[in-house]
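Everything below belongs to run.csv, which stores CSV, N, CA and C atoms.
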```csv
chain,number,residue,atom,x,y,z
I,1,MET,N,108.1,-59.3,271.9
I,1,MET,CA,106.7,-59.5,271.4
I,1,MET,C,105.8,-58.5,272.0
I,2,THR,N,105.9,-58.1,273.2
I,2,THR,CA,105.0,-57.2,273.8
I,2,THR,C,104.9,-55.9,273.1
I,3,LYS,N,106.0,-55.4,272.6
I,3,LYS,CA,106.0,-54.1,272.0
I,3,LYS,C,105.1,-54.1,270.7
I,4,TYR,N,105.1,-55.3,270.0
I,4,TYR,CA,104.3,-55.4,268.8
I,4,TYR,C,102.8,-55.4,269.2
I,5,LEU,N,102.5,-56.0,270.3
I,5,LEU,CA,101.1,-56.1,270.8
I,5,LEU,C,100.6,-54.7,271.2
I,6,VAL,N,101.5,-53.9,271.8
I,6,VAL,CA,101.2,-52.5,272.2
I,6,VAL,C,100.9,-51.7,271.0
I,7,VAL,N,101.7,-51.8,270.0
I,7,VAL,CA,101.5,-51.0,268.7
I,7,VAL,C,100.2,-51.5,268.1
I,8,LEU,N,100.0,-52.8,268.1
I,8,LEU,CA,98.7,-53.4,267.5
I,8,LEU,C,97.5,-52.8,268.2
I,9,ALA,N,97.5,-52.8,269.5
I,9,ALA,CA,96.4,-52.3,270.3
I,9,ALA,C,96.2,-50.8,270.0
I,10,GLY,N,97.2,-50.0,270.0
I,10,GLY,CA,97.1,-48.6,269.7
I,10,GLY,C,96.6,-48.3,268.3
I,11,SER,N,97.1,-49.1,267.3
I,11,SER,CA,96.7,-48.8,265.9
I,11,SER,C,95.3,-49.3,265.7
I,12,GLY,N,94.9,-50.3,266.3
I,12,GLY,CA,93.5,-50.7,266.2
I,12,GLY,C,92.5,-49.7,266.7
I,13,LEU,N,92.9,-49.1,267.9
I,13,LEU,CA,92.0,-48.1,268.5
I,13,LEU,C,92.1,-46.8,267.6
I,14,GLY,N,93.3,-46.5,267.1
I,14,GLY,CA,93.4,-45.3,266.2
I,14,GLY,C,92.6,-45.5,264.9
I,15,GLY,N,92.7,-46.7,264.4
I,15,GLY,CA,91.9,-46.9,263.1
I,15,GLY,C,90.4,-46.8,263.4
I,16,LEU,N,89.9,-47.3,264.5
I,16,LEU,CA,88.5,-47.2,264.9
I,16,LEU,C,88.1,-45.7,265.1
I,17,LEU,N,89.0,-45.0,265.8
I,17,LEU,CA,88.7,-43.5,266.0
I,17,LEU,C,88.7,-42.8,264.6
I,18,ARG,N,89.6,-43.1,263.7
I,18,ARG,CA,89.6,-42.5,262.4
I,18,ARG,C,88.3,-42.8,261.7
I,19,PHE,N,87.9,-44.0,261.7
I,19,PHE,CA,86.7,-44.4,261.0
I,19,PHE,C,85.5,-43.7,261.6
I,20,ALA,N,85.4,-43.7,262.9
I,20,ALA,CA,84.2,-43.0,263.5
I,20,ALA,C,84.2,-41.5,263.3
I,21,THR,N,85.4,-40.9,263.4
I,21,THR,CA,85.5,-39.5,263.2
I,21,THR,C,85.2,-39.1,261.8
I,22,GLY,N,85.8,-39.8,260.8
I,22,GLY,CA,85.5,-39.6,259.4
I,22,GLY,C,84.0,-39.7,259.1
I,23,ASN,N,83.4,-40.7,259.6
I,23,ASN,CA,81.9,-40.9,259.3
I,23,ASN,C,81.1,-39.8,260.0
I,24,TRP,N,81.5,-39.3,261.2
I,24,TRP,CA,80.8,-38.3,261.9
I,24,TRP,C,80.9,-37.0,261.1
I,25,VAL,N,82.1,-36.6,260.6
I,25,VAL,CA,82.3,-35.4,259.9
I,25,VAL,C,81.5,-35.5,258.6
I,26,LEU,N,81.6,-36.6,257.9
I,26,LEU,CA,80.9,-36.8,256.6
I,26,LEU,C,79.4,-36.7,256.8
I,27,SER,N,78.8,-37.2,257.9
I,27,SER,CA,77.4,-37.1,258.1
I,27,SER,C,76.9,-35.7,258.3
I,28,ARG,N,77.8,-34.8,258.7
I,28,ARG,CA,77.5,-33.4,258.9
I,28,ARG,C,77.8,-32.4,257.8
I,29,LEU,N,78.8,-32.8,257.0
I,29,LEU,CA,79.2,-31.9,255.9
I,29,LEU,C,79.2,-32.7,254.6
I,30,ASP,N,78.5,-32.2,253.7
I,30,ASP,CA,78.5,-32.9,252.3
I,30,ASP,C,79.2,-32.0,251.4
I,31,TRP,N,80.5,-31.9,251.6
I,31,TRP,CA,81.4,-31.1,250.7
I,31,TRP,C,82.2,-31.9,249.8
I,32,ARG,N,82.6,-31.3,248.7
I,32,ARG,CA,83.5,-32.0,247.8
I,32,ARG,C,84.9,-32.2,248.4
I,33,TYR,N,85.3,-31.2,249.2
I,33,TYR,CA,86.6,-31.3,249.9
I,33,TYR,C,86.5,-32.4,250.9
I,34,PRO,N,87.5,-33.2,251.0
I,34,PRO,CA,87.5,-34.3,252.0
I,34,PRO,C,87.9,-33.8,253.4
I,35,THR,N,86.9,-33.2,254.0
I,35,THR,CA,87.1,-32.5,255.3
I,35,THR,C,87.4,-33.5,256.4
I,36,GLY,N,86.8,-34.7,256.4
I,36,GLY,CA,87.1,-35.6,257.5
I,36,GLY,C,88.5,-36.0,257.6
I,37,THR,N,89.1,-36.4,256.4
I,37,THR,CA,90.5,-36.8,256.4
I,37,THR,C,91.4,-35.6,256.7
I,38,PHE,N,91.0,-34.5,256.2
I,38,PHE,CA,91.8,-33.3,256.5
I,38,PHE,C,91.9,-33.0,258.0
I,39,LEU,N,90.7,-33.0,258.7
I,39,LEU,CA,90.7,-32.7,260.1
I,39,LEU,C,91.4,-33.8,260.9
I,40,ILE,N,91.2,-35.0,260.5
I,40,ILE,CA,91.9,-36.1,261.2
I,40,ILE,C,93.4,-35.9,261.1
I,41,ASN,N,93.9,-35.6,259.9
I,41,ASN,CA,95.4,-35.5,259.7
I,41,ASN,C,95.9,-34.3,260.5
I,42,ILE,N,95.2,-33.2,260.5
I,42,ILE,CA,95.6,-32.0,261.2
I,42,ILE,C,95.6,-32.2,262.8
I,43,THR,N,94.5,-32.8,263.3
I,43,THR,CA,94.5,-33.1,264.7
I,43,THR,C,95.5,-34.1,265.1
I,44,GLY,N,95.7,-35.1,264.2
I,44,GLY,CA,96.7,-36.1,264.5
I,44,GLY,C,98.1,-35.5,264.5
I,45,SER,N,98.4,-34.6,263.6
I,45,SER,CA,99.7,-33.9,263.5
I,45,SER,C,99.9,-33.2,264.8
I,46,PHE,N,98.9,-32.4,265.2
I,46,PHE,CA,99.0,-31.7,266.5
I,46,PHE,C,99.4,-32.6,267.7
I,47,PHE,N,98.6,-33.7,267.8
I,47,PHE,CA,98.8,-34.5,268.9
I,47,PHE,C,100.1,-35.3,268.9
I,48,ILE,N,100.6,-35.6,267.7
I,48,ILE,CA,101.9,-36.2,267.6
I,48,ILE,C,103.0,-35.3,268.0
I,49,GLY,N,102.9,-34.0,267.6
I,49,GLY,CA,103.9,-33.0,268.1
I,49,GLY,C,103.8,-32.8,269.6
I,50,LEU,N,102.6,-32.7,270.1
I,50,LEU,CA,102.4,-32.5,271.5
I,50,LEU,C,102.9,-33.7,272.3
I,51,LEU,N,102.5,-34.9,272.0
I,51,LEU,CA,102.9,-36.1,272.7
I,51,LEU,C,104.4,-36.3,272.7
I,52,MET,N,105.0,-36.2,271.5
I,52,MET,CA,106.4,-36.4,271.4
I,52,MET,C,107.2,-35.4,272.3
I,53,ALA,N,106.8,-34.2,272.3
I,53,ALA,CA,107.4,-33.2,273.2
I,53,ALA,C,107.2,-33.6,274.7
I,54,LEU,N,106.0,-33.9,275.0
I,54,LEU,CA,105.8,-34.3,276.4
I,54,LEU,C,106.5,-35.6,276.8
I,55,LEU,N,106.5,-36.6,275.9
I,55,LEU,CA,107.1,-37.8,276.2
I,55,LEU,C,108.6,-37.8,276.3
I,56,THR,N,109.2,-36.8,275.5
I,56,THR,CA,110.7,-36.8,275.5
I,56,THR,C,111.3,-35.7,276.4
I,57,GLU,N,110.4,-34.7,276.8
I,57,GLU,CA,111.0,-33.6,277.5
I,57,GLU,C,110.4,-33.4,278.9
I,58,HIS,N,109.2,-34.0,279.2
I,58,HIS,CA,108.6,-33.7,280.5
I,58,HIS,C,108.2,-35.0,281.3
I,59,TRP,N,107.7,-36.0,280.6
I,59,TRP,CA,107.2,-37.1,281.3
I,59,TRP,C,108.2,-38.3,281.3
I,60,GLU,N,108.4,-38.9,282.4
I,60,GLU,CA,109.2,-40.1,282.4
I,60,GLU,C,108.3,-41.3,282.5
I,61,VAL,N,108.0,-41.9,281.4
I,61,VAL,CA,107.0,-43.0,281.3
I,61,VAL,C,107.7,-44.2,280.6
I,62,HIS,N,107.1,-45.3,280.7
I,62,HIS,CA,107.7,-46.5,280.1
I,62,HIS,C,107.7,-46.3,278.6
I,63,PRO,N,108.7,-46.8,277.8
I,63,PRO,CA,108.8,-46.6,276.4
I,63,PRO,C,107.5,-47.1,275.6
I,64,TYR,N,106.8,-48.1,276.2
I,64,TYR,CA,105.7,-48.6,275.6
I,64,TYR,C,104.6,-47.6,275.4
I,65,TRP,N,104.5,-46.5,276.2
I,65,TRP,CA,103.5,-45.5,276.1
I,65,TRP,C,103.7,-44.8,274.8
I,66,ARG,N,105.0,-44.5,274.4
I,66,ARG,CA,105.3,-43.9,273.1
I,66,ARG,C,104.8,-44.8,271.9
I,67,LEU,N,105.1,-46.0,272.1
I,67,LEU,CA,104.7,-47.0,271.0
I,67,LEU,C,103.2,-47.1,270.9
I,68,PHE,N,102.5,-47.1,272.1
I,68,PHE,CA,101.0,-47.2,272.0
I,68,PHE,C,100.4,-45.9,271.5
I,69,LEU,N,100.8,-44.7,272.1
I,69,LEU,CA,100.2,-43.5,271.7
I,69,LEU,C,100.6,-42.9,270.4
I,70,VAL,N,101.9,-42.9,270.1
I,70,VAL,CA,102.3,-42.2,268.9
I,70,VAL,C,102.4,-43.1,267.7
I,71,VAL,N,103.1,-44.3,267.8
I,71,VAL,CA,103.2,-45.2,266.7
I,71,VAL,C,101.9,-45.9,266.5
I,72,GLY,N,101.2,-46.4,267.5
I,72,GLY,CA,100.0,-47.1,267.3
I,72,GLY,C,98.8,-46.2,267.2
I,73,LEU,N,98.3,-45.5,268.2
I,73,LEU,CA,97.1,-44.8,268.2
I,73,LEU,C,97.1,-43.7,267.1
I,74,LEU,N,98.1,-42.8,267.2
I,74,LEU,CA,98.1,-41.7,266.2
I,74,LEU,C,98.5,-42.2,264.8
I,75,GLY,N,99.4,-43.2,264.8
I,75,GLY,CA,99.7,-43.8,263.5
I,75,GLY,C,98.5,-44.4,262.8
I,76,GLY,N,97.6,-45.0,263.6
I,76,GLY,CA,96.4,-45.6,263.1
I,76,GLY,C,95.3,-44.6,262.8
I,77,PHE,N,95.4,-43.4,263.5
I,77,PHE,CA,94.4,-42.4,263.4
I,77,PHE,C,94.6,-41.5,262.1
I,78,THR,N,95.9,-41.2,261.9
I,78,THR,CA,96.1,-40.3,260.7
I,78,THR,C,96.0,-41.1,259.4
I,79,THR,N,95.8,-40.4,258.3
I,79,THR,CA,95.3,-41.1,257.1
I,79,THR,C,96.1,-40.7,255.9
I,80,PHE,N,97.4,-40.8,255.9
I,80,PHE,CA,98.1,-40.4,254.7
I,80,PHE,C,97.7,-41.1,253.4
I,81,SER,N,97.5,-42.4,253.5
I,81,SER,CA,97.2,-43.2,252.3
I,81,SER,C,95.8,-42.8,251.8
I,82,THR,N,94.9,-42.5,252.7
I,82,THR,CA,93.5,-42.0,252.3
I,82,THR,C,93.6,-40.6,251.7
I,83,PHE,N,94.5,-39.8,252.3
I,83,PHE,CA,94.7,-38.5,251.7
I,83,PHE,C,95.2,-38.6,250.3
I,84,GLU,N,96.2,-39.4,250.0
I,84,GLU,CA,96.7,-39.6,248.7
I,84,GLU,C,95.6,-40.1,247.7
I,85,PHE,N,94.8,-41.0,248.1
I,85,PHE,CA,93.8,-41.6,247.2
I,85,PHE,C,92.7,-40.5,247.0
I,86,GLU,N,92.3,-39.8,248.0
I,86,GLU,CA,91.3,-38.7,247.8
I,86,GLU,C,91.8,-37.6,246.8
I,87,THR,N,93.1,-37.3,246.9
I,87,THR,CA,93.7,-36.4,246.0
I,87,THR,C,93.6,-36.9,244.5
I,88,LEU,N,93.9,-38.2,244.4
I,88,LEU,CA,93.9,-38.8,243.0
I,88,LEU,C,92.4,-38.8,242.5
I,89,GLN,N,91.5,-39.1,243.4
I,89,GLN,CA,90.1,-39.1,243.0
I,89,GLN,C,89.6,-37.7,242.6
I,90,ALA,N,90.1,-36.7,243.3
I,90,ALA,CA,89.7,-35.3,242.9
I,90,ALA,C,90.3,-35.0,241.5
I,91,VAL,N,91.5,-35.4,241.2
I,91,VAL,CA,92.1,-35.1,239.9
I,91,VAL,C,91.3,-35.9,238.8
I,92,ARG,N,91.1,-37.2,239.1
I,92,ARG,CA,90.4,-38.0,238.1
I,92,ARG,C,89.0,-37.5,237.8
I,93,THR,N,88.3,-36.9,238.7
I,93,THR,CA,87.0,-36.4,238.5
I,93,THR,C,86.9,-35.0,238.0
I,94,GLY,N,88.1,-34.5,237.7
I,94,GLY,CA,88.1,-33.1,237.1
I,94,GLY,C,88.2,-32.0,238.1
I,95,HIS,N,88.4,-32.3,239.3
I,95,HIS,CA,88.4,-31.2,240.4
I,95,HIS,C,89.9,-31.0,240.8
I,96,ARG,N,90.7,-30.6,239.8
I,96,ARG,CA,92.1,-30.3,240.1
I,96,ARG,C,92.3,-29.2,241.1
I,97,SER,N,91.5,-28.2,241.1
I,97,SER,CA,91.7,-27.1,242.0
I,97,SER,C,91.5,-27.6,243.5
I,98,VAL,N,90.5,-28.5,243.7
I,98,VAL,CA,90.2,-29.1,245.0
I,98,VAL,C,91.5,-29.9,245.4
I,99,ALA,N,92.0,-30.7,244.4
I,99,ALA,CA,93.2,-31.5,244.7
I,99,ALA,C,94.4,-30.7,245.2
I,100,VAL,N,94.6,-29.6,244.4
I,100,VAL,CA,95.8,-28.7,244.8
I,100,VAL,C,95.5,-28.1,246.2
I,101,LEU,N,94.3,-27.6,246.4
I,101,LEU,CA,94.0,-26.9,247.7
I,101,LEU,C,94.1,-27.9,248.8
I,102,TYR,N,93.7,-29.2,248.6
I,102,TYR,CA,93.8,-30.2,249.6
I,102,TYR,C,95.2,-30.5,249.9
I,103,VAL,N,96.1,-30.7,248.9
I,103,VAL,CA,97.5,-31.0,249.2
I,103,VAL,C,98.2,-29.9,249.9
I,104,VAL,N,98.0,-28.7,249.4
I,104,VAL,CA,98.7,-27.5,250.0
I,104,VAL,C,98.2,-27.2,251.4
I,105,SER,N,96.9,-27.3,251.6
I,105,SER,CA,96.4,-27.0,252.9
I,105,SER,C,96.7,-28.1,253.9
I,106,SER,N,96.6,-29.4,253.5
I,106,SER,CA,97.0,-30.5,254.4
I,106,SER,C,98.4,-30.4,254.8
I,107,VAL,N,99.3,-30.2,253.9
I,107,VAL,CA,100.7,-30.2,254.3
I,107,VAL,C,101.0,-28.9,255.1
I,108,GLY,N,100.5,-27.8,254.7
I,108,GLY,CA,100.7,-26.5,255.4
I,108,GLY,C,100.2,-26.5,256.8
I,109,PHE,N,98.9,-26.9,256.9
I,109,PHE,CA,98.3,-26.9,258.2
I,109,PHE,C,98.8,-28.1,259.1
I,110,GLY,N,99.1,-29.2,258.4
I,110,GLY,CA,99.7,-30.3,259.2
I,110,GLY,C,101.0,-29.9,259.8
I,111,TYR,N,101.9,-29.3,259.0
I,111,TYR,CA,103.1,-28.8,259.6
I,111,TYR,C,102.9,-27.8,260.7
I,112,LEU,N,102.0,-26.9,260.5
I,112,LEU,CA,101.7,-25.9,261.6
I,112,LEU,C,101.2,-26.6,262.8
I,113,ALA,N,100.3,-27.6,262.6
I,113,ALA,CA,99.8,-28.3,263.8
I,113,ALA,C,100.9,-29.1,264.5
I,114,VAL,N,101.8,-29.8,263.8
I,114,VAL,CA,102.8,-30.5,264.5
I,114,VAL,C,103.8,-29.6,265.2
I,115,TRP,N,104.0,-28.4,264.6
I,115,TRP,CA,104.9,-27.4,265.2
I,115,TRP,C,104.2,-26.8,266.5
I,116,LEU,N,103.0,-26.5,266.4
I,116,LEU,CA,102.3,-26.0,267.5
I,116,LEU,C,102.2,-27.0,268.7
I,117,GLY,N,101.9,-28.2,268.4
I,117,GLY,CA,101.8,-29.2,269.4
I,117,GLY,C,103.2,-29.4,270.1
I,118,SER,N,104.2,-29.5,269.3
I,118,SER,CA,105.6,-29.6,269.8
I,118,SER,C,106.0,-28.4,270.6
I,119,THR,N,105.6,-27.3,270.2
I,119,THR,CA,106.0,-26.0,270.9
I,119,THR,C,105.3,-26.0,272.3
I,120,LEU,N,104.0,-26.3,272.3
I,120,LEU,CA,103.2,-26.3,273.5
I,120,LEU,C,103.7,-27.4,274.5
I,121,GLY,N,104.0,-28.6,273.9
I,121,GLY,CA,104.5,-29.7,274.7
I,121,GLY,C,105.9,-29.4,275.3
I,122,ALA,N,106.7,-28.6,274.6
I,122,ALA,CA,108.1,-28.4,275.1
I,122,ALA,C,108.2,-27.3,276.2
I,123,ARG,N,107.1,-26.5,276.3
I,123,ARG,CA,107.1,-25.5,277.3
I,123,ARG,C,107.3,-26.0,278.7
I,124,LYS,N,108.1,-25.3,279.5
I,124,LYS,CA,108.4,-25.7,280.8
I,124,LYS,C,107.5,-25.0,281.8
```
Can the structure from this file be put into structure tokens for me?
Amino acid sequence: MTKYLVVLAGSGLGGLLRFATGNWVLSRLDWRYPTGTFLINITGSFFIGLLMALLTEHWEVHPYWRLFLVVGLLGGFTTFSTFEFETLQAVRTGHRSVAVLYVVSSVGFGYLAVWLGSTLGARK
């Protein structure tokens, strides 16, 4: 039961951080491109890569830390379902080029971010 509460606590905090970060970005940038979700997904990808490398290769911590930080916090922080919906909305409103750019850049930069985080975290 405790592991479920650990994930619940992390995902609640991650969701709150996602909401606050998205609103903060939106209040500063009035772009058609969904910049808040994009930045959240890229930073989340980086930190998932970094933390998984650190947790599996360098740090000896209780397994609940992985559940809290990676599954909960970063799982709640990243926004794949929001990403998909925003892509659909861009297509529905006639902004197909924005939708294609968003998908390609999110996947490309997301992969680069998780690779970079993992590479940095794996360094000895």
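Nearest residue to Gly75 (chain I) among I:Ser11, I:Thr93, I:Thr43, I:Thr37 is I:Ser11, counting all atoms listed in the file.
The interatomic distance for the pair CA of Tyr111 (chain I) and CA of Leu74 (chain I) works out to 15.3 Å.
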Give me, as a PDB file with N, CA and C atoms, in the frame of the given file, all polymer residues having an atom no more than 6.5 Å from Phe47 (chain I), counting all atoms listed in the file and skipping those fewer than 5 positions away in the same chain.
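Below is the file that was written, result.pdb:
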```pdb
ATOM      1  N   ILE I  42      95.200 -33.200 260.500  1.00  0.00           N
ATOM      2  CA  ILE I  42      95.600 -32.000 261.200  1.00  0.00           C
ATOM      3  C   ILE I  42      95.600 -32.200 262.800  1.00  0.00           C
ATOM      4  N   MET I  52     105.000 -36.200 271.500  1.00  0.00           N
ATOM      5  CA  MET I  52     106.400 -36.400 271.400  1.00  0.00           C
ATOM      6  C   MET I  52     107.200 -35.400 272.300  1.00  0.00           C
ATOM      7  N   ALA I 113     100.300 -27.600 262.600  1.00  0.00           N
ATOM      8  CA  ALA I 113      99.800 -28.300 263.800  1.00  0.00           C
ATOM      9  C   ALA I 113     100.900 -29.100 264.500  1.00  0.00           C
ATOM     10  N   VAL I 114     101.800 -29.800 263.800  1.00  0.00           N
ATOM     11  CA  VAL I 114     102.800 -30.500 264.500  1.00  0.00           C
ATOM     12  C   VAL I 114     103.800 -29.600 265.200  1.00  0.00           C
ATOM     13  N   GLY I 117     101.900 -28.200 268.400  1.00  0.00           N
ATOM     14  CA  GLY I 117     101.800 -29.200 269.400  1.00  0.00           C
ATOM     15  C   GLY I 117     103.200 -29.400 270.100  1.00  0.00           C
TER      16      GLY I 117
END
```
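Between Ser106 (chain I) and the residues I:Phe46, I:Phe83, I:Phe19, I:Tyr4, the shortest atom-to-atom distance, using only C-alpha atoms, involves I:Phe83.
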Coordinates-based distance that separates CA of Leu5 (chain I) from CA of Thr79 (chain I) (Å, one decimal)
21.1 Å
Expressed in Å, the length from atom C of Leu13 (chain I) to atom C of Val25 (chain I) is 17.9 Å
List the spatial neighbours of Phe80 (chain I) as a list in words - criterion: any atom at most 12 Å away, only C-alpha atoms, same-chain residues fewer than 5 positions off excluded.
Arg18, Thr37, Phe38, Leu39, Ile40, Asn41, Ile42, Gly44, Ser45, Leu74, Gly75, Phe85, Glu86, Thr87, Val103, Ser106, Val107 and Gly110 of chain I
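Comparing I:Gly36, I:Leu120, I:Glu60, I:Met1 by their smallest distance to Trp24 (chain I), the closest is I:Gly36 (using all atoms listed in the file).
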Given the point (87.1, -31.2, 247.5) in the file's coordinates, find the residues that have an atom at most 9 Å from it, counting only C-alpha atoms, and give them as JSON, numbers by chain.
{"I": [31, 32, 33, 34, 35, 86, 87, 90, 95, 96, 97, 98, 99, 101, 102]}
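Take the candidates I:Thr56, I:Leu50, I:Thr78, I:Pro63 and check each one against Leu116 (chain I) using all atoms listed in the file; the shortest distance goes to I:Leu50.
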